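Reading through the structure tokens given below for one structure.
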Amino acid sequence: MDNISRIKNSLFNMASGFIYRILIMLTSFAVRTVFIKCLASDYLGVNGLYTSILSILSLVELGFGTAMVYSMYRPLAQGDHQKLKLLMQLYKKVYSIIGTVILVIGLCLIPFLKFLIKDAPDVQGLTFYYILFLLDTVTTYWFFAYKSSLLQADQKAYIISGYNSAFNIIKSTLQIVLLLCFRSYTIYLVTQIICTAGQNIALAIKVNRLYPALKERGADGEKLPKAETTRIFKDVKALMLSRVSHVVLNSTDNVIISAIIGIGWVGLLSNFIMIAEAVTGLLTQITSAIQAGLGNFFAKEDREAGYRLFCRVEFMNFWLYGFSTIALITLLNPFVTLWLGDDYTMGEGVIVAFGINFLVAGYMNTLWTFRSTLGLFTQGQYRPLIVSVLNVVLSFGLGFRWGVAGVLAATSISRACVNLWYDPWLLHKEGFGKPVKPYYVKFVLRLLLLAVLVLGMKYLSSVVFNGGVQYLNFFIMMCLVALIPNAVFLALFHQTDEFNYYKDLARGWLRARKR
């Protein structure tokens with residue numbers, strides 16, 4: 001696959017992903033609004049807590065999916081169908097086992113749920129709701145879920161996005177109608193389970209049609225060579241600790257907040273998490289759209305070309321996540337005020353800590369994308385364990401002292417102490433053979449720039465919202481947030497190689513559209 005084809009595939013995946021994500025974002029807001037209106041606010045906390053608990057149980061997956069996608073890049077590029085058959089056969093067995101293990105462990109946790117809920121809400125059937133959440137999680141590994149990995153590795157993520165959006169819209173519409181008619185949390189969760197299974201089955205049918213030569217069983221019971229299987233599980237072993245770190249950093253906050261502060265705070269925070277996830281979903285379309293192209297790129301290109309690509313993607317990532325962080329810190333509380341009312345807002349300390357978490361996670365997303373496509377799984381494999389332990393310790397320590405803001409701050413501090421300096425060093429040393437010091441200097445200067453812009457926008461917002469938050473002044477502030485940070489970025493970076501690369505890319509695309 002040449003460079004033009006990679007760019008076209010990536011742009012198509014990106015554009016379709018944006019459209020699908022916007023649809024999902026709109027339907028998610030509609031469902032959440034109806035959810036809050038039809039059910040007691042206590043259900044928000046239950047929903048957030050159980051979602052986090054089941055995310056922790058997904059640790060059983062151990063990063064196997066990432067290792068399998070990586071292992072498919074080369075056979076897809078070479079047209080080795082037999083190798084792909086054997087990989088899919090292995091993937092099917094492992095995912096069936098994973099789903100079963102999650103089910104068993106999840107059921108064993110039931111007696112301990114009461115210790116994770118401080119100030120338990122007046123909600124009947126908490127255990128029953130947990131079992132429904134558990135079934136929904138297990139469904140994501142059963143019903144042919146493994147087959148979508150082939151689309152991801154083959155740069156057809158837009159198909160996954162399309163099915164995901166279609167079923168999300170169906171699910172959201174059903175949940176809204178059923179909530180309005182029955183006001184039942186049980187029906188809401190059952191609808192979610194059915195749609196998850198339906199999406200997996202529909203995607204499996206699509207994969208079978210696209211790849212008729214790839215049957216689930218290897219020819220005459222053939223299996224992957226032992227060396228290949230050993231390599232995959234070696235990667236899984238290394239990814240396991242990264243997976244542990246990811247889950248601990250992203251899914252334990254709600255559990256800790258529920259246990260030491262109160263489940264009501266989990267409900268409030270869940271609204272902000274949903275907004276941030278909507279923004280993240282749009283931004284990650286960029287990295288997810290190009291990830292398969294990166295795998296193909298590094299299978300054919302040299303390290304120097306790879307380093308130039310890394311600099312360009314990292315620059316784009318900074319611009320997008322930097323601007324989004326400024327917007328979230330400035331506009332989150334005013335938006336929630338208009339959407340749900342003042343009772344659902346949170347303190348400025350929580351908002352700032354939340355925004356910093358968003359920014360750091362965004363940076364780590366790009367670094368992880370390049371690590372995975374370069375196959376740097378085993379290097380620094382025990383680093384995630386250090387981050388996880390540090391995060392849990394700091395979350396309890398800072399949580400008791402500063403509440404929700406302390407728990408959120410612990411996540412960023414943990415990542416800053418280990419990930420933010422080690423992962424760039426590893427990429428530069430092992431992936432590109434380049435010195436890392438220039439990256440560190442650039443990173444610190446960019447953080448200082450973002451801090452100045454956040455302070456400036458917060459001052460402007462205090463002036464604009466001086467008389468209270470209304471639709472007109474919120475629109476004015478939203479325009480200022482969209483204009484000022486991006487104008488500053490443009491003034492500072494318009495002469496850089498990275499910016500000129502995207503400018504030339506946009507010009508080429510526009511010329512092609514005019515023909």
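Residue names in the structure tokens use chain letters A, B, ... in the order shown, residue numbers from 1 in each chain, and ligand numbers from 1 in the order shown.
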When you look at Ala197 in chain A with a cut-off of 12 Å (counting only C-alpha atoms), what residues show up, excluding the ones that are within fewer than 2 positions of it in the same chain? I need them as a ChimeraX atom specification. /A:135-145,164,167,171,190-195,199-204
Which residues of range 8-66 of chain A come within 6 Å of range 247-255 of chain A, and for each one, what is the closest pair of atoms and their distance in Å to one decimal, counting only C-alpha atoms, sorted by chain and residue number, as JSON lines?
```
{"residue": "A:Leu49", "atom": "CA", "partner": "A:Asn254", "partner_atom": "CA", "distance": 5.8}
{"residue": "A:Ser52", "atom": "CA", "partner": "A:Ser251", "partner_atom": "CA", "distance": 4.9}
{"residue": "A:Ile56", "atom": "CA", "partner": "A:Val247", "partner_atom": "CA", "distance": 5.8}
```
Using only C-alpha atoms, tabulate the residues of range 304-345 of chain A lying at most 9 Å from any atom of range 477-480 of chain A, each with its closest atom pair and that distance in Å to one decimal, by chain and increasing residue number, as JSON lines.
```
{"residue": "A:Ala327", "atom": "CA", "partner": "A:Met478", "partner_atom": "CA", "distance": 8.0}
{"residue": "A:Thr330", "atom": "CA", "partner": "A:Met477", "partner_atom": "CA", "distance": 8.7}
{"residue": "A:Leu331", "atom": "CA", "partner": "A:Met478", "partner_atom": "CA", "distance": 7.4}
```
Go ahead and write the residues just picked, N, CA and C atoms, as a PDB file, in the first residue's frame.
```pdb
ATOM      1  N   ALA A 327     -11.204  24.526  26.278  1.00  0.00           N
ATOM      2  CA  ALA A 327     -12.660  24.641  26.134  1.00  0.00           C
ATOM      3  C   ALA A 327     -13.394  23.949  27.273  1.00  0.00           C
ATOM      4  N   THR A 330     -13.081  25.857  30.606  1.00  0.00           N
ATOM      5  CA  THR A 330     -13.793  27.135  30.550  1.00  0.00           C
ATOM      6  C   THR A 330     -15.305  26.972  30.485  1.00  0.00           C
ATOM      7  N   LEU A 331     -15.773  25.973  29.768  1.00  0.00           N
ATOM      8  CA  LEU A 331     -17.195  25.901  29.430  1.00  0.00           C
ATOM      9  C   LEU A 331     -17.982  24.770  30.100  1.00  0.00           C
TER      10      LEU A 331
END
```
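Non-sequential neighbours of Cys181 in chain A (distance at most 10 Å, separation of 5 or more positions within a chain, only C-alpha atoms) are A:Cys38, A:Gln175, A:Ile176.
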What is the CA of Ile102 in chain A to CA of Leu54 in chain A distance in Å?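 Result for CA of Ile102 in chain A versus CA of Leu54 in chain A: 8.7 Å, one decimal.
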Contacts of range 260-265 of chain A at 9 Å or less, counting only C-alpha atoms, minus same-chain residues fewer than 4 places along, as an MDAnalysis selection string? chainID A and resid 41:42 44:46 48:49 116:121 254:256 269:270 396 399:400 403:404
Okay, now the selection with N, CA and C atoms, as an mmCIF file, in the first residue's frame?
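Done, and the output landed in result.cif:
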```
data_model
loop_
_atom_site.group_PDB
_atom_site.id
_atom_site.type_symbol
_atom_site.label_atom_id
_atom_site.label_comp_id
_atom_site.auth_asym_id
_atom_site.auth_seq_id
_atom_site.Cartn_x
_atom_site.Cartn_y
_atom_site.Cartn_z
ATOM 1 N N SER A 41 -32.153 10.783 40.758
ATOM 2 C CA SER A 41 -30.744 11.098 40.546
ATOM 3 C C SER A 41 -29.824 10.014 41.112
ATOM 4 N N ASP A 42 -30.322 9.233 42.088
ATOM 5 C CA ASP A 42 -29.509 8.159 42.669
ATOM 6 C C ASP A 42 -29.083 7.137 41.615
ATOM 7 N N LEU A 44 -28.066 7.702 38.706
ATOM 8 C CA LEU A 44 -26.859 8.172 38.034
ATOM 9 C C LEU A 44 -25.612 7.618 38.716
ATOM 10 N N GLY A 45 -25.598 7.682 40.060
ATOM 11 C CA GLY A 45 -24.461 7.171 40.812
ATOM 12 C C GLY A 45 -24.288 5.674 40.622
ATOM 13 N N VAL A 46 -25.406 4.943 40.673
ATOM 14 C CA VAL A 46 -25.364 3.488 40.476
ATOM 15 C C VAL A 46 -24.824 3.164 39.089
ATOM 16 N N GLY A 48 -22.882 5.000 37.140
ATOM 17 C CA GLY A 48 -21.461 5.316 37.050
ATOM 18 C C GLY A 48 -20.588 4.324 37.788
ATOM 19 N N LEU A 49 -21.018 3.922 38.981
ATOM 20 C CA LEU A 49 -20.228 2.985 39.787
ATOM 21 C C LEU A 49 -20.144 1.618 39.123
ATOM 22 N N LEU A 116 -18.387 -0.972 48.668
ATOM 23 C CA LEU A 116 -17.967 0.024 47.676
ATOM 24 C C LEU A 116 -18.926 1.198 47.578
ATOM 25 N N ILE A 117 -19.985 1.169 48.374
ATOM 26 C CA ILE A 117 -21.003 2.220 48.288
ATOM 27 C C ILE A 117 -21.152 2.912 49.636
ATOM 28 N N LYS A 118 -20.655 4.133 49.724
ATOM 29 C CA LYS A 118 -20.859 4.950 50.917
ATOM 30 C C LYS A 118 -22.151 5.739 50.741
ATOM 31 N N ASP A 119 -22.944 5.815 51.804
ATOM 32 C CA ASP A 119 -24.251 6.487 51.743
ATOM 33 C C ASP A 119 -25.099 5.859 50.637
ATOM 34 N N ALA A 120 -25.381 4.561 50.791
ATOM 35 C CA ALA A 120 -26.128 3.809 49.777
ATOM 36 C C ALA A 120 -27.440 4.502 49.433
ATOM 37 N N PRO A 121 -27.763 4.619 48.149
ATOM 38 C CA PRO A 121 -28.991 5.299 47.727
ATOM 39 C C PRO A 121 -30.230 4.455 48.007
ATOM 40 N N ASN A 254 -14.120 6.375 40.045
ATOM 41 C CA ASN A 254 -15.506 6.317 40.505
ATOM 42 C C ASN A 254 -15.682 5.361 41.680
ATOM 43 N N VAL A 255 -14.957 4.240 41.648
ATOM 44 C CA VAL A 255 -15.052 3.275 42.747
ATOM 45 C C VAL A 255 -14.519 3.875 44.038
ATOM 46 N N ILE A 256 -13.375 4.559 43.961
ATOM 47 C CA ILE A 256 -12.783 5.184 45.150
ATOM 48 C C ILE A 256 -13.656 6.321 45.655
ATOM 49 N N LEU A 269 -20.322 13.457 38.780
ATOM 50 C CA LEU A 269 -19.134 13.376 37.931
ATOM 51 C C LEU A 269 -19.433 12.658 36.617
ATOM 52 N N SER A 270 -20.383 11.729 36.637
ATOM 53 C CA SER A 270 -20.671 10.948 35.425
ATOM 54 C C SER A 270 -21.145 11.833 34.273
ATOM 55 N N PHE A 396 -6.405 7.601 47.381
ATOM 56 C CA PHE A 396 -6.936 7.548 48.744
ATOM 57 C C PHE A 396 -6.390 8.704 49.589
ATOM 58 N N GLY A 399 -7.715 11.967 48.104
ATOM 59 C CA GLY A 399 -9.176 11.950 48.160
ATOM 60 C C GLY A 399 -9.701 12.294 49.540
ATOM 61 N N PHE A 400 -9.089 11.750 50.581
ATOM 62 C CA PHE A 400 -9.498 12.081 51.943
ATOM 63 C C PHE A 400 -9.240 13.543 52.269
ATOM 64 N N GLY A 403 -11.079 15.593 48.533
ATOM 65 C CA GLY A 403 -12.303 15.098 47.936
ATOM 66 C C GLY A 403 -12.130 14.661 46.489
ATOM 67 N N VAL A 404 -13.143 14.944 45.672
ATOM 68 C CA VAL A 404 -13.151 14.501 44.279
ATOM 69 C C VAL A 404 -11.962 15.072 43.508
#
```
Would you pick out the contacts of Lys429 in chain A at 12 Å or less, using only C-alpha atoms, so that residues sharing its chain but fewer than 6 positions from it are not included, and give the list as a list in words?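 Surrounding residues, per the criterion: Arg303, Tyr307, Arg371, Leu376, Gln379, Tyr422, Asp423, Pro435, Val436 and Lys437 of chain A.
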